[in-house]
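As provided, query_39.txt (compact mmCIF, C-alpha atoms) reads as follows.
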```
# COMPACT_ATOMS: atom_id res chain seq x y z
CA MET A 152 -11.13 11.38 26.21
CA PHE A 153 -12.23 7.79 26.08
CA GLU A 154 -13.86 8.00 29.51
CA ASN A 155 -15.82 11.06 28.43
CA PHE A 156 -17.01 9.31 25.32
CA CYS A 157 -18.22 6.34 27.34
CA GLU A 158 -20.01 8.56 29.81
CA ASP A 159 -21.73 10.51 27.04
CA ASN A 160 -22.95 7.32 25.41
CA VAL A 161 -23.89 5.63 28.71
CA ILE A 162 -21.50 2.73 28.25
CA VAL A 163 -20.08 1.04 31.32
CA HIS A 164 -16.37 0.94 30.72
CA GLU A 165 -14.87 -2.01 32.53
CA VAL A 166 -11.10 -2.10 32.81
CA THR A 167 -9.81 -5.47 33.88
CA THR A 168 -7.61 -5.72 36.93
CA PRO A 169 -3.92 -5.20 36.22
CA TYR A 170 -1.96 -8.32 35.20
CA ALA A 171 -5.10 -10.40 34.89
CA PRO A 172 -5.72 -10.83 31.18
CA GLN A 173 -7.85 -13.80 32.25
CA HIS A 174 -10.57 -11.27 33.07
CA ASN A 175 -10.65 -10.33 29.44
CA GLY A 176 -10.85 -14.01 28.65
CA LEU A 177 -13.21 -13.93 25.72
CA ALA A 178 -11.13 -11.42 23.80
CA GLU A 179 -7.82 -13.04 24.67
CA ARG A 180 -8.98 -16.53 23.79
CA ARG A 181 -10.35 -15.35 20.48
CA ASN A 182 -7.06 -13.58 19.77
CA ARG A 183 -5.27 -16.85 20.33
CA SER A 184 -7.54 -18.70 17.93
CA LEU A 185 -7.10 -15.95 15.38
CA LEU A 186 -3.32 -15.98 15.55
CA ASP A 187 -3.14 -19.79 15.60
CA MET A 188 -5.23 -19.94 12.46
CA THR A 189 -3.28 -17.12 10.86
CA ARG A 190 0.03 -18.86 11.47
CA SER A 191 -1.16 -22.19 10.08
CA MET A 192 -2.74 -20.59 7.03
CA LEU A 193 0.46 -18.73 6.21
CA LYS A 194 2.59 -21.84 6.71
CA ILE A 195 0.58 -24.31 4.67
CA LYS A 196 0.65 -22.14 1.57
CA LYS A 197 4.21 -20.98 2.28
CA MET A 198 3.19 -17.35 2.07
CA PRO A 199 5.36 -14.46 3.25
CA ASN A 200 4.43 -13.06 6.65
CA THR A 201 3.45 -9.68 5.23
CA PHE A 202 0.15 -11.27 4.33
CA TRP A 203 -0.94 -11.49 7.95
CA GLY A 204 -3.39 -8.63 7.51
CA GLU A 205 -5.32 -10.42 4.81
CA VAL A 206 -5.12 -13.71 6.67
CA VAL A 207 -6.38 -12.31 9.94
CA ARG A 208 -9.30 -10.74 8.13
CA THR A 209 -10.15 -14.03 6.48
CA THR A 210 -9.91 -15.91 9.77
CA THR A 211 -12.46 -13.59 11.35
CA TYR A 212 -14.64 -14.11 8.33
CA ILE A 213 -14.40 -17.87 8.77
CA LEU A 214 -14.78 -17.85 12.56
CA ASN A 215 -17.90 -15.75 12.22
CA ARG A 216 -19.28 -18.48 10.00
CA CYS A 217 -18.57 -21.29 12.46
CA PRO A 218 -20.45 -22.41 15.54
CA THR A 219 -18.65 -22.44 18.91
CA LYS A 220 -18.58 -25.09 21.61
CA LYS A 221 -21.15 -23.24 23.68
CA LEU A 222 -23.35 -21.95 20.90
CA TYR A 223 -24.61 -24.52 18.42
CA GLN A 224 -25.30 -21.88 15.87
CA ILE A 225 -23.35 -19.92 13.35
CA LEU A 226 -22.29 -16.63 14.91
CA GLU A 227 -23.20 -14.51 11.95
CA GLU A 228 -26.69 -16.03 11.99
CA ILE A 229 -27.24 -15.07 15.62
CA TRP A 230 -26.01 -11.61 14.78
CA LEU A 231 -27.99 -11.05 11.61
CA GLY A 232 -30.86 -13.40 12.38
CA SER A 233 -30.79 -14.87 8.89
CA LYS A 234 -29.42 -18.04 7.35
CA GLN A 235 -25.86 -17.93 6.02
CA SER A 236 -24.25 -19.94 3.27
CA ALA A 237 -20.76 -21.43 3.30
CA ARG A 238 -20.84 -22.51 -0.31
CA HIS A 239 -18.50 -19.77 -1.46
CA LEU A 240 -15.69 -20.58 0.99
CA ARG A 241 -12.41 -21.66 -0.66
CA VAL A 242 -8.95 -22.57 0.58
CA PHE A 243 -7.03 -19.43 1.49
CA GLY A 244 -3.84 -18.66 -0.45
CA SER A 245 -4.67 -21.06 -3.25
CA LEU A 246 -3.61 -20.51 -6.77
CA CYS A 247 -6.56 -19.40 -8.81
CA TYR A 248 -7.35 -17.99 -12.20
CA LYS A 249 -9.24 -14.75 -12.57
CA HIS A 250 -11.31 -14.19 -15.67
CA ILE A 251 -10.30 -11.09 -17.58
CA PRO A 252 -13.37 -9.10 -18.66
CA ASP A 253 -13.80 -8.77 -22.41
CA ALA A 254 -13.55 -5.00 -22.21
CA LYS A 255 -10.01 -5.30 -20.91
CA LYS A 256 -8.78 -7.89 -23.35
CA ARG A 257 -7.75 -8.00 -26.99
CA LYS A 258 -9.02 -10.68 -29.30
CA LEU A 259 -6.09 -13.04 -28.84
CA GLY A 260 -5.30 -11.99 -25.29
CA ASP A 261 -5.38 -14.36 -22.34
CA LYS A 262 -8.84 -15.00 -20.97
CA SER A 263 -7.59 -15.41 -17.43
CA GLU A 264 -4.58 -14.69 -15.30
CA PRO A 265 -3.09 -16.47 -12.29
CA MET A 266 -3.85 -14.92 -8.91
CA ILE A 267 -3.77 -15.84 -5.25
CA LEU A 268 -6.93 -15.99 -3.20
CA VAL A 269 -6.54 -13.74 -0.16
CA GLY A 270 -10.02 -13.16 1.12
CA TYR A 271 -13.68 -12.52 0.58
CA HIS A 272 -15.39 -9.38 -0.51
CA GLU A 273 -18.86 -8.80 0.83
CA PRO A 274 -21.33 -9.10 -2.02
CA GLY A 275 -20.20 -12.51 -3.25
CA ALA A 276 -16.74 -11.80 -4.58
CA TYR A 277 -13.17 -12.75 -3.80
CA ARG A 278 -10.15 -10.66 -2.94
CA LEU A 279 -7.25 -11.70 -5.13
CA TYR A 280 -3.57 -10.82 -5.00
CA HIS A 281 -1.60 -10.38 -8.18
CA PRO A 282 1.84 -11.76 -7.29
CA LEU A 283 3.65 -10.12 -10.19
CA ASN A 284 2.52 -6.54 -9.91
CA HIS A 285 1.61 -6.69 -6.21
CA LEU A 286 -1.95 -5.51 -6.45
CA ILE A 287 -5.12 -6.62 -4.73
CA VAL A 288 -8.11 -6.90 -7.00
CA ILE A 289 -11.69 -7.94 -6.43
CA SER A 290 -13.42 -10.31 -8.80
CA ARG A 291 -16.30 -12.73 -8.79
CA ASP A 292 -15.24 -14.81 -11.79
CA VAL A 293 -12.61 -17.01 -10.24
CA LYS A 294 -11.57 -20.63 -10.61
CA VAL A 295 -9.81 -21.77 -7.44
CA TYR A 296 -7.37 -24.66 -7.24
CA GLY A 297 -7.39 -25.52 -3.56
CA ASN A 298 -4.36 -27.81 -3.63
CA GLU A 299 -2.04 -25.55 -5.58
CA TYR A 300 -0.07 -22.62 -4.28
CA TRP A 301 2.23 -19.95 -5.58
CA ASP A 302 5.96 -20.52 -5.30
CA TRP A 303 7.04 -17.40 -3.46
CA ASN A 304 10.77 -18.07 -3.71
CA LYS A 305 10.80 -17.56 -7.45
CA LYS A 306 9.60 -14.48 -9.18
CA GLU A 307 8.90 -16.23 -12.46
CA LYS A 308 6.00 -18.39 -13.45
CA SER A 309 7.69 -21.41 -11.96
CA TYR A 310 4.64 -23.37 -10.96
CA ASN A 311 4.00 -24.87 -14.36
CA ILE A 312 7.56 -25.92 -15.12
CA THR A 313 8.24 -29.37 -13.81
CA ILE A 314 11.93 -30.02 -13.49
CA PRO A 315 12.74 -33.73 -13.70
CA THR A 316 14.98 -35.04 -10.96
CA ILE A 317 17.47 -36.81 -13.22
CA ILE A 318 18.42 -34.88 -16.32
CA GLU A 319 21.16 -35.27 -18.82
CA GLU A 320 23.44 -32.36 -19.53
CA GLU A 321 21.86 -31.41 -22.83
CA GLU A 322 18.45 -31.36 -21.33
CA GLN A 323 19.69 -29.25 -18.49
CA ILE A 324 20.83 -26.54 -20.87
CA GLU A 325 17.45 -26.59 -22.53
CA GLN A 326 15.80 -26.26 -19.20
CA VAL A 327 17.82 -23.17 -18.35
CA GLN A 328 16.94 -21.64 -21.67
CA ILE A 329 13.28 -22.19 -21.03
CA ASP A 330 13.69 -20.53 -17.67
CA ILE A 331 15.24 -17.46 -19.22
CA GLU A 332 12.53 -17.27 -21.82
CA VAL A 333 9.87 -17.36 -19.19
CA GLN A 334 11.66 -14.64 -17.28
CA ASN A 335 11.68 -12.35 -20.30
CA GLU A 336 8.05 -13.01 -20.88
CA VAL A 337 7.21 -12.00 -17.36
CA HIS A 338 9.07 -8.74 -17.64
CA VAL A 339 7.22 -7.78 -20.78
CA GLU A 340 4.01 -8.65 -19.04
CA GLU A 341 4.83 -6.49 -16.05
CA ASN A 342 5.38 -3.58 -18.36
CA GLN A 343 2.02 -4.08 -19.96
CA VAL A 344 0.25 -4.19 -16.68
CA THR A 345 1.84 -1.10 -15.21
CA GLY A 346 0.98 0.99 -18.25
CA THR A 347 -2.20 2.98 -17.96
CA SER A 348 -3.63 2.06 -21.36
CA ASP A 349 -4.61 -1.35 -22.52
CA ARG A 350 -2.76 -1.02 -25.79
CA GLN A 351 -0.05 -3.50 -26.60
CA MET A 352 3.26 -2.12 -25.41
CA SER A 353 6.48 -3.59 -26.74
CA VAL A 354 9.92 -3.00 -25.33
CA SER A 355 12.09 -0.99 -27.70
CA THR A 356 15.11 -2.74 -29.19
CA ARG A 357 17.39 -0.29 -27.43
CA LEU A 358 16.24 -1.64 -24.08
CA ALA A 359 16.20 -5.30 -25.04
CA GLY A 360 18.31 -7.34 -22.68
CA HIS A 361 17.96 -4.86 -19.84
CA GLU A 362 15.86 -5.42 -16.81
CA ILE A 363 13.08 -2.89 -16.83
CA THR A 364 11.50 -1.61 -13.66
CA PRO A 365 8.93 1.14 -13.33
CA ASP A 366 10.16 4.49 -12.00
CA ASN A 367 8.14 4.25 -8.84
CA GLU A 368 9.13 0.70 -7.92
CA ILE A 369 10.01 0.22 -4.29
CA ASN A 370 12.23 -2.51 -2.91
CA LYS A 371 11.67 -4.58 0.21
CA GLU A 372 13.07 -1.88 2.51
CA ARG A 373 10.56 0.59 1.07
CA GLU A 374 13.25 2.55 -0.72
CA PHE A 375 13.08 3.68 -4.29
CA VAL A 376 14.86 1.38 -6.68
CA HIS A 377 15.76 4.29 -8.91
CA PHE A 378 17.04 7.57 -7.76
CA ALA A 379 19.55 9.98 -9.20
CA LEU A 380 21.64 12.61 -7.54
CA LEU A 381 22.15 15.78 -9.53
CA ALA A 382 25.79 16.80 -9.61
CA TYR A 383 25.12 19.93 -11.64
CA SER A 384 21.88 21.72 -11.73
CA GLU A 385 20.57 24.72 -13.54
CA LEU A 386 19.94 27.86 -11.62
CA ILE A 387 16.78 29.82 -11.64
CA ASN A 388 17.85 32.70 -9.48
CA TYR A 389 19.74 35.68 -10.90
CA GLU A 390 21.23 36.62 -7.52
CA ILE A 391 22.78 33.21 -7.04
CA ALA A 392 24.07 33.18 -10.60
CA MET A 393 25.90 36.46 -10.03
CA THR A 394 27.98 34.87 -7.30
CA GLU A 395 29.30 32.09 -9.52
CA GLU A 396 32.11 32.80 -11.95
CA VAL A 397 30.99 30.40 -14.70
CA TRP A 398 27.50 31.80 -14.89
CA LYS A 399 28.74 35.38 -14.74
CA ASN A 400 30.98 34.71 -17.72
CA ALA A 401 28.06 33.12 -19.56
CA MET A 402 25.96 36.24 -18.98
CA ILE A 403 28.72 38.54 -20.21
CA GLU A 404 29.01 36.38 -23.30
CA GLU A 405 25.29 36.67 -23.97
CA LEU A 406 25.35 40.48 -23.53
CA ASN A 407 28.26 40.74 -25.95
CA ALA A 408 26.37 38.62 -28.46
CA ILE A 409 23.36 40.91 -28.16
CA ASN A 410 25.56 43.97 -28.74
CA ILE A 411 27.27 42.44 -31.77
CA ASN A 412 23.98 41.41 -33.37
CA ASN A 413 22.38 44.80 -32.75
CA THR A 414 19.40 43.14 -31.22
CA TRP A 415 18.28 46.26 -29.42
CA GLU A 416 18.54 49.96 -29.63
CA LEU A 417 17.83 52.24 -26.74
CA THR A 418 14.68 54.35 -27.04
CA LYS A 419 12.53 56.41 -24.75
CA LEU A 420 9.54 54.73 -23.20
CA PRO A 421 6.30 56.06 -24.75
CA ALA A 422 4.07 57.87 -22.31
CA ARG A 423 1.92 55.69 -20.02
CA LYS A 424 3.49 52.48 -21.26
CA LYS A 425 5.16 49.88 -19.18
CA ALA A 426 8.41 48.29 -20.24
CA ILE A 427 8.41 44.51 -20.67
CA ASN A 428 10.59 42.82 -18.11
CA VAL A 429 13.51 40.64 -19.04
CA LYS A 430 14.64 37.48 -17.37
CA TRP A 431 17.82 35.46 -17.30
CA ILE A 432 17.54 31.77 -18.16
CA PHE A 433 20.44 29.53 -17.29
CA LYS A 434 21.04 26.35 -19.23
CA LEU A 435 23.58 23.60 -18.98
CA LYS A 436 24.69 22.12 -22.28
CA LEU A 437 25.68 18.48 -21.79
CA LYS A 438 27.73 16.07 -23.83
CA PRO A 439 26.00 12.78 -24.64
CA ASN A 440 27.85 11.13 -21.74
CA GLY A 441 26.58 13.70 -19.31
CA GLU A 442 29.67 15.90 -19.05
CA VAL A 443 29.07 19.64 -18.95
CA THR A 444 30.30 21.33 -22.08
CA LYS A 445 28.98 24.83 -21.71
CA HIS A 446 27.19 27.08 -19.31
CA LYS A 447 24.76 29.14 -21.30
CA ALA A 448 22.79 32.15 -20.23
CA ARG A 449 19.95 33.68 -22.26
CA LEU A 450 18.32 37.00 -21.72
CA LEU A 451 14.66 36.82 -22.56
CA ALA A 452 11.88 39.32 -22.84
CA ARG A 453 8.91 38.30 -20.77
CA GLY A 454 6.52 38.44 -23.69
CA PHE A 455 3.48 37.35 -21.74
CA MET A 456 3.36 40.71 -20.03
CA GLN A 457 1.89 42.25 -23.17
CA LYS A 458 -1.82 42.65 -23.53
CA ASP A 459 -3.92 41.45 -26.43
CA GLY A 460 -5.24 44.33 -28.53
CA MET A 461 -2.89 46.88 -27.01
CA ASP A 462 0.64 45.89 -27.82
CA TYR A 463 0.41 42.25 -28.76
CA PHE A 464 1.68 42.51 -32.32
CA GLU A 465 4.35 45.11 -31.68
CA VAL A 466 7.07 42.60 -30.89
CA TYR A 467 8.53 40.21 -33.43
CA ALA A 468 10.67 37.20 -32.98
CA LEU A 469 14.37 37.73 -33.46
CA VAL A 470 14.42 35.27 -36.35
CA ALA A 471 13.97 36.35 -39.95
CA ARG A 472 10.56 35.31 -41.22
CA LEU A 473 10.35 33.30 -44.38
CA GLU A 474 8.15 35.92 -46.05
CA THR A 475 10.77 38.60 -45.48
CA VAL A 476 13.50 36.45 -46.96
CA ARG A 477 11.32 35.69 -49.97
CA LEU A 478 10.52 39.39 -50.39
CA ILE A 479 14.18 40.36 -50.39
CA VAL A 480 14.99 37.65 -52.90
CA ALA A 481 12.09 38.90 -55.10
CA ILE A 482 13.29 42.51 -54.94
CA THR A 483 16.87 41.56 -55.78
CA CYS A 484 15.64 39.51 -58.72
CA GLY A 485 13.35 42.33 -59.91
CA ARG A 486 16.16 44.90 -59.87
CA ASN A 487 18.74 42.44 -61.11
CA MET B 132 6.43 -42.89 58.03
CA ILE B 133 9.74 -41.46 59.16
CA LEU B 134 10.89 -42.51 62.56
CA GLY B 135 11.35 -39.91 65.24
CA VAL B 136 9.24 -37.14 63.69
CA PRO B 137 6.46 -35.95 65.92
CA LYS B 138 2.97 -35.66 64.47
CA MET B 139 2.45 -32.20 62.90
CA GLU B 140 -0.70 -30.21 62.95
CA ILE B 141 -1.71 -27.79 60.19
CA PRO B 142 -2.03 -24.37 61.80
CA SER B 143 -5.40 -22.81 61.34
CA THR B 144 -4.24 -19.22 61.78
CA VAL B 145 -3.03 -17.00 58.91
CA CYS B 146 0.69 -16.68 59.07
CA ASP B 147 2.57 -13.55 57.86
CA THR B 148 5.65 -15.36 56.74
CA CYS B 149 3.66 -17.82 54.70
CA LEU B 150 1.77 -15.07 52.83
CA ILE B 151 4.87 -13.05 52.08
CA GLY B 152 6.90 -16.07 51.12
CA LYS B 153 4.52 -18.13 49.07
CA GLN B 154 1.14 -16.64 48.37
CA PRO B 155 -0.34 -18.05 45.14
CA ARG B 156 -2.90 -16.39 42.91
CA ASN B 157 -6.53 -17.04 43.60
CA ALA B 158 -8.11 -19.52 41.26
CA PHE B 159 -9.97 -18.22 38.24
CA SER B 160 -13.35 -19.81 37.91
CA SER B 161 -13.34 -22.10 34.94
CA SER B 162 -16.79 -21.14 33.82
CA THR B 163 -17.34 -17.48 33.09
CA THR B 164 -20.57 -15.86 33.98
CA HIS B 165 -22.58 -15.22 30.88
CA ARG B 166 -24.23 -11.88 31.39
CA SER B 167 -25.75 -11.17 28.01
CA LYS B 168 -29.42 -11.62 27.30
CA GLU B 169 -29.16 -10.13 23.86
CA VAL B 170 -26.75 -8.78 21.29
CA LEU B 171 -24.35 -5.98 22.33
CA ASN B 172 -25.03 -6.23 26.08
CA VAL B 173 -21.36 -6.86 26.72
CA VAL B 174 -18.54 -6.24 24.27
CA TYR B 175 -15.00 -7.46 24.83
CA SER B 176 -12.09 -5.87 23.06
CA ASP B 177 -8.39 -6.43 22.77
CA VAL B 178 -5.51 -5.03 20.75
CA CYS B 179 -2.99 -7.48 19.36
CA GLY B 180 0.48 -6.48 18.30
CA ALA B 181 2.92 -5.17 17.48
CA LEU B 182 3.51 -7.89 14.95
CA GLU B 183 7.03 -8.26 13.70
CA VAL B 184 6.21 -7.52 10.08
CA ARG B 185 3.92 -4.91 8.66
CA SER B 186 0.94 -6.05 6.69
CA LEU B 187 0.52 -5.28 2.99
CA GLY B 188 -1.16 -2.02 3.91
CA GLY B 189 1.62 -1.14 6.35
CA LYS B 190 -0.35 -1.89 9.51
CA LYS B 191 1.23 -3.27 12.69
CA TYR B 192 -1.66 -3.98 15.06
CA PHE B 193 -5.14 -5.31 14.93
CA ILE B 194 -8.02 -4.69 17.28
CA ASN B 195 -10.96 -7.00 17.70
CA PHE B 196 -14.37 -6.43 19.23
CA ILE B 197 -16.31 -9.45 20.37
CA ASP B 198 -19.94 -9.48 21.28
CA GLU B 199 -20.53 -11.74 24.26
CA PHE B 200 -23.94 -12.91 23.20
CA SER B 201 -23.29 -13.91 19.61
CA LYS B 202 -19.50 -14.25 19.97
CA LYS B 203 -19.22 -12.49 16.65
CA ILE B 204 -15.87 -10.86 15.98
CA LEU B 205 -15.29 -7.57 14.24
CA LEU B 206 -11.68 -6.93 13.38
CA TYR B 207 -9.84 -3.83 12.24
CA LEU B 208 -6.21 -3.38 11.25
CA ILE B 209 -4.60 -0.32 12.79
CA ASN B 210 -1.29 1.52 12.60
CA ALA B 211 -0.85 2.37 16.27
CA LYS B 212 -2.52 1.64 19.58
CA SER B 213 -3.74 5.24 19.71
CA GLU B 214 -6.06 4.48 16.80
CA ALA B 215 -8.01 2.05 18.95
CA PHE B 216 -10.37 4.74 20.19
CA ASP B 217 -11.21 5.91 16.67
CA MET B 218 -11.87 2.34 15.70
CA PHE B 219 -14.14 1.85 18.69
CA GLN B 220 -16.22 4.83 17.64
CA LYS B 221 -16.40 3.45 14.12
CA PHE B 222 -17.33 0.01 15.44
CA LYS B 223 -19.99 1.44 17.75
CA VAL B 224 -21.75 3.34 14.98
CA LEU B 225 -21.63 0.40 12.59
CA VAL B 226 -22.77 -2.18 15.07
CA GLU B 227 -25.54 -0.15 16.64
CA LYS B 228 -26.91 0.69 13.24
CA GLN B 229 -26.81 -2.96 12.18
CA SER B 230 -28.49 -4.40 15.23
CA GLY B 231 -30.62 -1.51 16.41
CA LYS B 232 -29.32 -2.09 19.95
CA SER B 233 -26.74 -0.12 21.86
CA ILE B 234 -23.55 -1.19 23.61
CA LYS B 235 -24.02 -1.38 27.37
CA ILE B 236 -20.75 -2.66 28.76
CA LEU B 237 -17.33 -2.54 27.19
CA ARG B 238 -14.59 -4.63 28.73
CA ILE B 239 -10.97 -4.03 27.83
CA ASP B 240 -7.66 -4.46 29.57
CA GLY B 241 -5.81 -1.35 30.71
CA GLY B 242 -3.05 -1.72 28.15
CA GLY B 243 -2.64 1.94 27.34
CA GLU B 244 -5.44 1.99 24.80
```

In structure tokens, what does this structure look like?
Amino acid sequence: MFENFCEDNVIVHEVTTPYAPQHNGLAERRNRSLLDMTRSMLKIKKMPNTFWGEVVRTTTYILNRCPTKKLYQILEEIWLGSKQSARHLRVFGSLCYKHIPDAKKRKLGDKSEPMILVGYHEPGAYRLYHPLNHLIVISRDVKVYGNEYWDWNKKEKSYNITIPTIIEEEEQIEQVQIDIEVQNEVHVEENQVTGTSDRQMSVSTRLAGHEITPDNEINKEREFVHFALLAYSELINYEIAMTEEVWKNAMIEELNAININNTWELTKLPARKKAINVKWIFKLKLKPNGEVTKHKARLLARGFMQKDGMDYFEVYALVARLETVRLIVAITCGRN
Amino acid sequence: MILGVPKMEIPSTVCDTCLIGKQPRNAFSSSTTHRSKEVLNVVYSDVCGALEVRSLGGKKYFINFIDEFSKKILLYLINAKSEAFDMFQKFKVLVEKQSGKSIKILRIDGGGE
């Protein structure tokens, strides 16, 4: 496939001799520089290794803006033939603050949020990583602090809490309390960010004190944090229901109820009319703690099979209408 | 130097036993021949990976293309080595459009890509 492609495009495809990566020297040497830089950049900012993709991209970006030993010119300039600027380069992985656009912010909302610089975006912008909700965003309004970095071992906003080395017991307790407060704050914040609207969302009192995670959150092993196994489920199929004793009993119960209430009477089908189908609906009634209290079956008329203008108003709900009740009351009053 | 050892002469003929027993690799020339007169004459490429952790986007490899003349690198993250060919096609279109030249020689190692 590849050979054909090369032939079609008149490209000489040189495969180096086996076990001689030295023949592919330029590529191999560059790979080494790339990985060396990647490793050092990850280490100095103590970033997790999963960031290698972003780092490797940034290293190419930087290497393309550097001269080499042989060529006393910036590579990108040879390539593009125009002068390049290095004024926008910043220290990778630094803590930085991204300006929040006015449209996305309430009057008293924060004007910026902490982010991590993870790369450059072509027309003069930066790629930023949001360490709390794990998103990559692109922004041009960024203040970068080249010496600071995010503390990856803690999930909270730990960078601005300075813990003194010698503390008395009382102070220590205070410190812990502050930590907890910060933690709560962060959780609320996470909730706000994951919501689709920009409105202020507050955690309901019922959920206060619980850790709240979004439904689709995934842990480190890429498994869902939340999942539930259904012990009992409701059936949709009549055939399957017939095979199970509980559901069969439920259906018999429903039929008896219909007979007792005189819901129907049997009539002949008018000429050239179709009968409306019926359908069984199976419902599980649960106690508040999730225990099954009752299996319930309902027989329903498939009302949507009627047609507007033909037989739409022929069928009434099984419930007494308020007007009817009122009418009966009026008649009884009138005739004493 | 040592008493009693007769003077030895280095044999000028090629000896079977020597070759089988201790043939070294030929030396690589320290300076590579620079063949490019302009951009995209020769392009080197190599796939690196698999790395031990996946990147944020779930990728495991990266492939780089290096132009011999400008030494400029273009780098793509890929999921598997089989994607290398797709990436080359992508790279070729991009690069030829940018420079107005076409790739003449592509040099890669035979690592299954």

Find the residues of chain A that sit at most 8 Å from chain B; for each, write down the nearest two atoms and how far apart they are in Å, to one decimal. Count only C-alpha atoms. Sort by chain, then by number going up, and give it as CSV.
```
residue,atom,partner,partner_atom,distance
A:Phe153,CA,B:Phe216,CA,6.9
A:Val161,CA,B:Lys235,CA,7.1
A:Ile162,CA,B:Lys235,CA,4.9
A:Val163,CA,B:Ile236,CA,4.5
A:His164,CA,B:Leu237,CA,5.0
A:Glu165,CA,B:Arg238,CA,4.6
A:Val166,CA,B:Asp240,CA,5.3
A:Thr167,CA,B:Asp240,CA,4.9
A:Thr168,CA,B:Asp240,CA,7.5
A:Pro169,CA,B:Gly241,CA,7.0
A:Pro172,CA,B:Asp240,CA,6.9
A:Gln173,CA,B:Phe159,CA,7.7
A:Asn175,CA,B:Ile239,CA,6.5
A:Leu177,CA,B:Tyr175,CA,6.8
A:Ala178,CA,B:Tyr175,CA,5.6
A:Glu179,CA,B:Asp177,CA,6.9
A:Asn182,CA,B:Cys179,CA,7.3
A:Asn200,CA,B:Val184,CA,6.8
A:Thr201,CA,B:Ser186,CA,4.6
A:Phe202,CA,B:Ser186,CA,5.8
A:Trp203,CA,B:Ser186,CA,5.9
A:Gly204,CA,B:Ser186,CA,5.1
A:Glu205,CA,B:Ser186,CA,7.9
A:Arg208,CA,B:Leu206,CA,6.9
A:Thr211,CA,B:Ile204,CA,6.4
A:Leu214,CA,B:Ile204,CA,7.9
A:Asn215,CA,B:Lys203,CA,5.7
A:Leu226,CA,B:Lys203,CA,5.4
A:Glu227,CA,B:Lys203,CA,6.5
A:Ile229,CA,B:Ser201,CA,5.7
A:Trp230,CA,B:Ser201,CA,6.0
A:Leu231,CA,B:Ser230,CA,7.6
```

### Task
In Å, rounded to a single decimal, give me how far CA of Lys447 in chain A is from CA of Trp398 in chain A.
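So the two atoms, CA of Trp398 in chain A and CA of Lys447 in chain A, lie 7.5 Å apart.
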
### Task
Check the smallest atom-to-atom distance from each of A:Ala276, A:Leu259, A:Thr210, A:Ser236 to Met188 in chain A using only C-alpha atoms, then report the winner.
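Using only C-alpha atoms, the shortest distance to Met188 in chain A belongs to A:Thr210.
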
#### Entry: Nearest-residue call for Leu435 in chain A, choices A:Tyr277, A:His272, A:Ala452, A:Val397, using only C-alpha atoms
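Under the stated criterion, the closest residue is A:Val397.
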
### Query
What does the distance from CA of Lys194 in chain A to CA of Gly244 in chain A come to in Å, to one decimal?
10.1 Å

### Task
Grab the CA of Gly297 in chain A to CA of Val242 in chain A distance for me, in Å with one decimal place.
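One can read the CA of Gly297 in chain A to CA of Val242 in chain A distance as 5.3 Å.
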
### Message
Just checking: using only C-alpha atoms, which residue out of A:Lys249, A:Lys255, A:Ala408, A:Gly232 ends up closest to Lys294 in chain A?
### Response
A:Lys249
